[in-house]
Structures are given as structure tokens and as C-alpha cells.
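Engineer: Take a look at this one; I'll ask things after.
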Amino acid sequence: MLLIECPWCGPREESEFHCGGEAHIVRPLHPEQLSDPEWADYLFMRSNPKGPHRERWVHEAGCGRWFNVERDTVTHEITAVYRMGGPPPNPSAAPGRKR
Amino acid sequence: MRYSIFSLARNAFGHHEGWPAAWRSPEPKQSYDVVIVGGGGHGLATAYYLAALHGIRDVAVIEKGWLGGGNTGRNTTIIRSNYLWDESAHLYEHSLKLYEGLSRELNFNIMLSQRGVLNLAHNLHDLRELSRRVNAIRLNGIDSEVLTPVQIKAMVPILDTSPDVRYPVLGASLQRRGGVARHDAVAWGFARGADARGVDVIQNCEVTGIRQRNGAVEGVETSRGYIRARKVGVVVAGHASVLAAMAGFRLPIESHPLQALVSEPIKPIHHSVVMSNAVHVYVSQSDKGELVIGAGIDGYDSYAQRGSFPVIEDQMGALVELFPIFSRLKMLRHWAGIVDTCPDASPIISKTPVKHLYFNCGWGTGGFKATPGSGWVFAHTIAHDAPHALNAAFTLDRFSTGALIDEHGAAAVAH
Ligand SMILES: Cc1cc2nc3c(=O)[nH]c(=O)nc-3n(C[C@H](O)[C@H](O)[C@H](O)COP(=O)(O)OP(=O)(O)OC[C@H]3O[C@@H](n4cnc5c(N)ncnc54)[C@H](O)[C@@H]3O)c2cc1C
Ligand SMILES: [Zn+2]
């Protein structure tokens with residue numbers, strides 16, 4: 001069971017939340033100019049790293065707000081919680097999006 | 001050595017101490033025609049069919065742990081072929097047919113038990129959807145039927161079919177040819193068959209890099225040194241994205257824990273397989289008497305081979321709702337595997353951006369039933385550098401072309 005720190009409500013148990021997958025995937029500004037593979041990359045391709053991962057969570061059964069979490073996918077340790085739109089912390093620790 | 005009633009009797013006299021190893025454990029050679037990464041059922045089946053059907057015997061299967069220690073040895077072993085779309089129906093049915101002859105073909109008892117798989121419907125929408133599916137499946141020549149609650153009760157008397165429960169059972173689809181098999185035996189049988197045909201099965205050897213030159217694969221770096229290969233097939237389930245990153249591309253895959261439990265052993269009481277997508281549980285009884293119980297995935301990405309308790313709690317709630325008789329059973333063991341979920345809940349059995357590098361992944365929560373068929377089409381794809389008609393639709397390209405094969409209804413929770 002994960003204990004997740006909602007930036008608004010504080011620490012709550014995992015079952016109150018829903019995970020929204022990889023964070024920092026920016027919607028292309030001009031989708032019509034993309035090739036099909038580029039669009040597929042945005043829509044479907046994921047880094048899915050083994051190790052530090054930045055992902056979105058929503059406090060579904062609480063305040064209903066979204067936020068970002070940096071969590072290790074092997075140990076499940078949460079190393080940072082930060083607000084939507086905020087810059088990711090620990091730039092050296094996370095692999096970021098691999099191409 | 002051929003296994004038979006005579007070899008069994010002969011070895012009984014020797015107190016079963018004289019059985020030879022079922023496969024060799026050779027040192028890796030410096031180079032192979034084909035290297036298969038991943039010694040789960042799918043990888044071993046691929047190697048077997050490469051040698052048995054395509055005459056390609058200079059093959060190594062490289063496994064970082066032990067054979068079948070991944071999802072193959074962790075799954076709830078449900079086998080069926082009742083998938084909605086033509087592409088999937090043909091692929092899974094091909095696999096079920098191979099399963100039906102597999103013990104004989106491999107001279108290894110995989111303990112296939114075609115005891116029937118029931119999928120329950122709990123509301124009118126479920127029931128209509130299920131009837132539509134049964135019709136589509138029958139049009140593909142695959143056995144499938146709709147049962148009424150009375151028929152279900154006759155088949156599974158311990159199932160609570162009373163109308164006044166929270167999730168009443170309104171009907172079910174039944175595939176009589178569906179059932180279960182012994183998961184380890186499937187891996188071991190293919191390993192032994194491949195080994196007998198010259199394939200090197202190498203355990204405790206992790207692939208750490210994929211070398212390429214001019215866009216073509218050259219070989220793999222491993223914890224036991226570099227191995228050259230003309231072709232490389234990667235079949236590593238939950239680790240598909242990790243291997244893809246080594247080769248420099250990404251996949252539409254996320255890795256999630258999928259948990260299962262077994263209960264303490266009890267006398268035979270549950271003779272079929274019952275699955276319910278709506279309340280998230282599926283259960284069969286093993287030959288040892290344990291109930292084998294599975295549920296849905298944990299919602300977050302993970303490589304930890306363990307999940308969270310809320311999922312188990314939901315799963316147990318659903319089990320007891322359907323089978324009140326199980327309410328005082330103790331659970332004996334619990335574990336998770338890392339499944340490779342794909343956006344359309346269908347596998348990728350495909351060429352990749354790197355020449356002579358092939359990936360077979362995305363089976364997610366439901367690939368055990370496909371083990372022989374998956375190996376069969378993947379061997380063809382590697383041997384011919386082109387897919388077989390049965391897996392032509394299951395390319396990595398489909399995420400660019402939009403030709404997805406949406407099997408969430410057949411596969412999302414259930415297996
Ligand atoms: C709890 C659970 C229940 C399930 N229930 C069902 C079910 O009822 N019916 C069904 O059809 N399916 C079910 N599945 C899904 C099914 O188990 C899988 O789809 C299938 O077994 C995948 O087989 P595989 O051979 O591709 O993968 P695996 O058996 O996982 O084999 C992949 C192998 O690759 C190895 N590997 C990984 N990285 C490396 C590396 N770098 N170098 C070398 N080797 C590496 C791993 O150690 C592993 O042994 C279930 C899965 C789970 C976890
Ligand atoms: Zn909150």
C-alpha cells in the first residue's frame with residue numbers, strides 16, 4: 001500500500017488515488033503538421049522506465065485534483081510530489097523521456 | 001530420452017534417482033544464427049518452432065533468471081480462444097489447437113484440462129455484449145455458447161445465483177474447450193524439445209545491451225559476455241520497454257503488477273473456470289486442491305513483482321460474493337508478475353525499426369493461453385523476416401496507421 005502526499009490534503013492511502021501514467025507529455029501545438037509516426041509517438045509511446053518515473057496522480061476520492069509524483073518503479077519509493085505545471089525536481093535522478 | 005509408461009516403471013525401480021537432466025546447460029557460444037532473449041514460455045516455444053519447423057537450430061535462448069520464472073510461472077493458467085475480432089480469434093484459436101496436441105508433440109505432459117471457461121454477465125448490458133461476442137466467435141468457427149442462470153447453477157452449484165445479491169448472475173458465456181494447463185510444464189516441455197533439436201538454453205544470463213551497425217542488429221551484450229547473432233528475437237514480457245530502450249526506440253507498453261493467490265488445498269469442489277469481469281475475479285481449482293485466484297492489475301507502473309493490498313481486498317470481496325462457501329478459506333501464497341499492457345490489449349509480434357531485431361510483447365494479462373501460437377508465429381516471423389498471415393495485423397506499425405485491435409472486452413481484466 002502506498003502512502004501518497006496530496007499537495008492539498010496531505011498523506012492519504014493509495015486507494016483514494018488514481019494513477020494517470022507518465023507525466024510531462026506535452027500535447028503537440030500543431031497536430032496537423034505531424035507525421036503519423038510522430039502522432040503515434042505522442043499518443044501511444046511511453047518511456048516505461050525501470051527506476052525513477054515521473055507520473056500523474058489524481059486524488060479521486062478526495063479533492064479531485066491532479067498533481068505529479070516522482071516514484072521509483074522498482075522500490076515504489078516516492079521521491080517527490082509537485083504541482084501540475086511545476087518543474088520536475090531532482091533533474092539528475094530521473095532519466096526523463098528517452099527517445 | 002523418451003518419456004513413457006516404461007521409462008516411468010524403469011525409473012520407479014531406481015527410486016527415481018536415475019532420470020537424466022531434461023536439457024543441457026551449455027556455456028554460451030560466441031555466436032548464433034538466432035538469439036532469443038527471454039526464457040519464458042513464449043521464448044522457449046519460439047526456439048522450439050525455429051528448430052522443429054524452420055530448420056534453424058543454431059539458436060540460443062538467453063534467460064536472466066530461471067526458465068519460466070517470469071509471468072509464465074506466475075500466471076493463473078487459464079486457456080481459451082473466445083476473442084471478438086477476427087485477427088485475435090484466429091491467433092488464439094491457432095494456439096488452442098496447438099495446445100490440444102502439445103503433450104503428444106513434446107512428449108511431455110502439460111496437463112491440459114479442458115474443463116470449460118465461464119464468463120459471467122451481471123447486468124443487461126453485460127448479457128447483450130456477451131451474446132454478441134458468442135455470435136461473433138461462433139462465426140469464426142470457435143466453440144462458444146450462452147448459458148442461462150439455471151444452466152450455470154447446474155454446472156457450478158456452489159456459485160451464488162440468487163437474484164437478490166448486489167451483482168446477480170444473469171447469464172454466462174461458456175467455451176467448453178477452454179480450461180487450464182500446468183504452466184511450468186509448458187515452459188519445460190518446450191525447453192526440452194528445443195534442447196533435443198540443438199538449441200542452447202542458457203539460464204542466469206542477463207542481456208544488458210543490443211549492439212547494432214548501420215541499422216541492423218549485430219548481437220547482444222550479456223552478463224556472461226558478448227554474443228554475436230544474425231537475428232535477435234526479444235520476448236521479455238514486462239521488460240519489453242527496457243530492451244527496446246537498449247535498441248533505441250520506445251514501445252506503447254506500460255508495465256504493471258498483476259497479482260494472484262492460491263488458497264489452502266481443499267477437496268475437489270470447483271470443476272470449471274469461472275471469470276467475472278464486472279466484479280474482477282477469476283478462479284479455478286488446481287489438481288492439488290488449491291483455489292487459484294486472479295484479479296485485475298495494480299494501476300501504476302511497476303517492475304517490483306509485488307502489488308498492493310487494496311487489489312487483493314477487492315479480489316477477495318468478489319470471490320466471496322460469488323462463492324459464499326469460500327468465505328472461511330485461508331490463503332496460502334500470494335505473488336505478482338509484471339505484465340506488459342498495450343493500449344489495445346493486443347500483442348505486438350513484429351519487426352522493429354532495427355533490421356533483424358524482432359519483438360514479441362504486449363500480451364499483458366493474457367498471454368499464457370497464446371504460448372504455443374505466439375512461439376509458432378514469432379518463429380515464422382524471424383525465419384522469413386516477415387510475419388505469418390496470423391500475426392500480420394499485430395505489428396508495431398498499427399499504432400501509426402490506426403489499425404488497432406481493441407480486445408479490452410476480452411482481455412482487459414480477464415485472461
Ligand atoms: C498473476 C498473473 C496471472 C495471469 N493469468 C493468466 C491467465 O490466466 N491466462 C493467460 O493466458 N495469461 C495469464 N497471464 C499472462 C501470462 O502469464 C503472460 O502473458 C505470459 O506468460 C507471458 O509469457 P512470456 O514467455 O512472454 O513472458 P515471461 O514468462 O515473463 O518470460 C519473459 C522472460 O524474460 C526474462 N528477461 C527479462 N529481461 C531479460 C533480460 N534483460 N535478459 C534475459 N532475460 C530477460 C525474464 O526473466 C522472463 O523469464 C497472467 C499473468 C500474471 C502475472
Ligand atoms: Zn487531495
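Letters A, B, ... go to the chains of the C-alpha cells in the order shown; residues in each chain start at 1; ligands are counted from 1 in the same order.
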Write down, as a count of residues only, each residue of chain B that has any atom within 9 Å of an atom of chain A, counting only C-alpha atoms.
Structural biologist: 31
Engineer: Could you give me, as a PyMOL selection string, every polymer residue with an atom at most 12 Å away from an atom of ligand 2, counting only C-alpha atoms and all ligand atoms?
Structural biologist: chain A and resi 4-14+16-18+57-67+83
Engineer: Taking the DSSP assignment computed from this structure's backbone, write out as a PDB file with C-alpha atoms, in the first residue's frame all residues of chain A that belong to strand (DSSP E or B).
Structural biologist:
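Below is the file out24.pdb, written as the result:
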ATOM      1  CA  LEU A   3       1.079   6.406   1.230  1.00  0.00           C
ATOM      2  CA  ILE A   4       0.761   9.372  -1.116  1.00  0.00           C
ATOM      3  CA  GLU A   5       1.096  13.003  -0.073  1.00  0.00           C
ATOM      4  CA  CYS A   6      -1.609  15.011  -1.835  1.00  0.00           C
ATOM      5  CA  GLY A  10      -1.740  15.667   2.942  1.00  0.00           C
ATOM      6  CA  PRO A  11      -0.840  11.987   3.247  1.00  0.00           C
ATOM      7  CA  ARG A  12      -3.602   9.573   2.261  1.00  0.00           C
ATOM      8  CA  GLU A  13      -3.656   5.928   1.319  1.00  0.00           C
ATOM      9  CA  HIS A  18      -5.828   7.008  -9.397  1.00  0.00           C
ATOM     10  CA  CYS A  19      -2.614   6.941 -11.399  1.00  0.00           C
ATOM     11  CA  GLY A  20      -2.724   8.784 -14.734  1.00  0.00           C
ATOM     12  CA  GLY A  21       0.537   7.439 -16.162  1.00  0.00           C
ATOM     13  CA  GLU A  22       3.664   9.178 -17.435  1.00  0.00           C
ATOM     14  CA  ARG A  46       5.837   5.560 -23.334  1.00  0.00           C
ATOM     15  CA  PRO A  52      12.716   6.702 -11.239  1.00  0.00           C
ATOM     16  CA  HIS A  53       9.479   7.622 -13.022  1.00  0.00           C
ATOM     17  CA  ARG A  54       7.523  10.864 -13.155  1.00  0.00           C
ATOM     18  CA  GLU A  55       3.824  10.281 -13.291  1.00  0.00           C
ATOM     19  CA  ARG A  56       0.472  11.992 -12.796  1.00  0.00           C
ATOM     20  CA  TRP A  57      -1.891  11.090  -9.990  1.00  0.00           C
ATOM     21  CA  VAL A  58      -5.365  12.363  -9.168  1.00  0.00           C
ATOM     22  CA  TRP A  66      -4.173  16.291 -10.285  1.00  0.00           C
ATOM     23  CA  PHE A  67      -0.504  16.512  -9.367  1.00  0.00           C
ATOM     24  CA  ASN A  68       2.862  14.964 -10.264  1.00  0.00           C
ATOM     25  CA  VAL A  69       4.762  12.300  -8.390  1.00  0.00           C
ATOM     26  CA  GLU A  70       8.293  11.025  -8.845  1.00  0.00           C
ATOM     27  CA  ARG A  71       8.337   7.380  -7.825  1.00  0.00           C
ATOM     28  CA  ASP A  72      10.775   4.533  -8.281  1.00  0.00           C
ATOM     29  CA  ILE A  78       8.122   8.266  -3.692  1.00  0.00           C
ATOM     30  CA  THR A  79      10.959  10.780  -4.004  1.00  0.00           C
ATOM     31  CA  ALA A  80       8.966  13.921  -4.831  1.00  0.00           C
ATOM     32  CA  VAL A  81       5.439  15.291  -5.109  1.00  0.00           C
ATOM     33  CA  TYR A  82       4.964  18.516  -7.065  1.00  0.00           C
ATOM     34  CA  ARG A  83       2.165  20.504  -8.632  1.00  0.00           C
TER      35      ARG A  83
END
Engineer: Within 9 Å of Cys361 (chain B), counting only C-alpha atoms, which residues qualify if same-chain residues fewer than 4 places away don't, as a ChimeraX atom specification?
Structural biologist: /B:234-238,240,253,340-342,347-350
Engineer: Would you compute the distance between atom 40 (C, counted along the ligand's line) of ligand 1 and CA of Thr381 (chain B)? Give it in Å to one decimal.
Structural biologist: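 CA of Thr381 (chain B) lies 20.9 Å from atom 40 (C, counted along the ligand's line) of ligand 1.
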Engineer: 7 Å from ligand 1 is the threshold here; counting only C-alpha atoms and all ligand atoms, which polymer residues fall inside it? Answer as a ChimeraX atom specification.
Structural biologist: /B:37-43,62-79,205-208,235-239,243,257-260,294,336-339,361,363-371,415
Engineer: Do you have the CA of Ala45 (chain B)-CA of Thr395 (chain B) distance handy?
Structural biologist: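 Interatomic distance here is 19.6 Å.
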Engineer: For Ile293 (chain B), please output as a PyMOL selection string all residues within 10 Å (counting only C-alpha atoms; exclusion window: fewer than 4 positions along the same chain).
Structural biologist: chain B and resi 75-76+259-263+274-275+281-285+312+315-316+319+331+334
Engineer: Just checking: using only C-alpha atoms, which residue out of B:Lys29, B:Leu139, B:Asp195, B:Tyr92 ends up closest to Arg224 (chain B)?
Structural biologist: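 Residue with the minimum atom-to-atom distance to Arg224 (chain B): B:Lys29.
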Engineer: Region 204-319 of chain B: which residues are alpha helix (DSSP H) by DSSP, as a VMD selection string?
Structural biologist: chain B and resid 240 to 247 309 to 319
Engineer: Next, the residues of the selection above should be written as an mmCIF file, in the first residue's frame with C-alpha atoms.
Structural biologist:
data_model
loop_
_atom_site.group_PDB
_atom_site.id
_atom_site.type_symbol
_atom_site.label_atom_id
_atom_site.label_comp_id
_atom_site.auth_asym_id
_atom_site.auth_seq_id
_atom_site.Cartn_x
_atom_site.Cartn_y
_atom_site.Cartn_z
ATOM 1 C CA ALA B 240 9.939 -5.156 -23.198
ATOM 2 C CA SER B 241 10.394 -1.384 -22.786
ATOM 3 C CA VAL B 242 13.756 -1.901 -21.065
ATOM 4 C CA LEU B 243 15.049 -3.958 -24.001
ATOM 5 C CA ALA B 244 13.538 -1.516 -26.528
ATOM 6 C CA ALA B 245 15.420 1.318 -24.800
ATOM 7 C CA MET B 246 18.647 -0.682 -25.287
ATOM 8 C CA ALA B 247 17.852 -0.753 -29.006
ATOM 9 C CA PHE B 309 -3.340 -4.908 -0.683
ATOM 10 C CA PRO B 310 -6.393 -2.915 -1.876
ATOM 11 C CA VAL B 311 -6.380 -5.024 -5.046
ATOM 12 C CA ILE B 312 -6.308 -8.253 -3.041
ATOM 13 C CA GLU B 313 -9.107 -6.990 -0.827
ATOM 14 C CA ASP B 314 -11.327 -6.246 -3.855
ATOM 15 C CA GLN B 315 -10.493 -9.615 -5.311
ATOM 16 C CA MET B 316 -11.392 -11.483 -2.107
ATOM 17 C CA GLY B 317 -14.609 -9.473 -1.799
ATOM 18 C CA ALA B 318 -15.603 -10.506 -5.312
ATOM 19 C CA LEU B 319 -14.694 -14.136 -4.680
#
Engineer: With distances taken over only C-alpha atoms, which of B:Ile137, B:Ala12, B:Leu322, B:Leu124 is nearest to Ser276 (chain B)?
Structural biologist: B:Leu322
Engineer: Between CA of Ala187 (chain B) and CA of Ala51 (chain B), what is the spacing in Å?
Structural biologist: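 Atom-to-atom, CA of Ala51 (chain B) to CA of Ala187 (chain B), that is 15.9 Å.
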Engineer: Just want the 9 Å neighbourhood of Trp23 (chain B), counted on only C-alpha atoms, with same-chain residues fewer than 5 positions away dropped. Output as a ChimeraX atom specification.
Structural biologist: /B:188,191-196,200-201
Engineer: Next, the residues of the selection above should be written as a PDB file, in the first residue's frame with C-alpha atoms.
Structural biologist:
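Written output follows (part32.pdb):
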ATOM      1  CA  TRP B 188       9.883 -27.183 -19.506  1.00  0.00           C
ATOM      2  CA  ALA B 191      12.821 -26.232 -23.337  1.00  0.00           C
ATOM      3  CA  ARG B 192      13.372 -29.973 -23.534  1.00  0.00           C
ATOM      4  CA  GLY B 193      12.056 -30.161 -27.103  1.00  0.00           C
ATOM      5  CA  ALA B 194      14.213 -27.237 -28.216  1.00  0.00           C
ATOM      6  CA  ASP B 195      17.299 -28.632 -26.478  1.00  0.00           C
ATOM      7  CA  ALA B 196      16.816 -32.014 -28.155  1.00  0.00           C
ATOM      8  CA  ASP B 200      21.220 -23.876 -26.314  1.00  0.00           C
ATOM      9  CA  VAL B 201      19.030 -22.959 -23.349  1.00  0.00           C
TER      10      VAL B 201
END
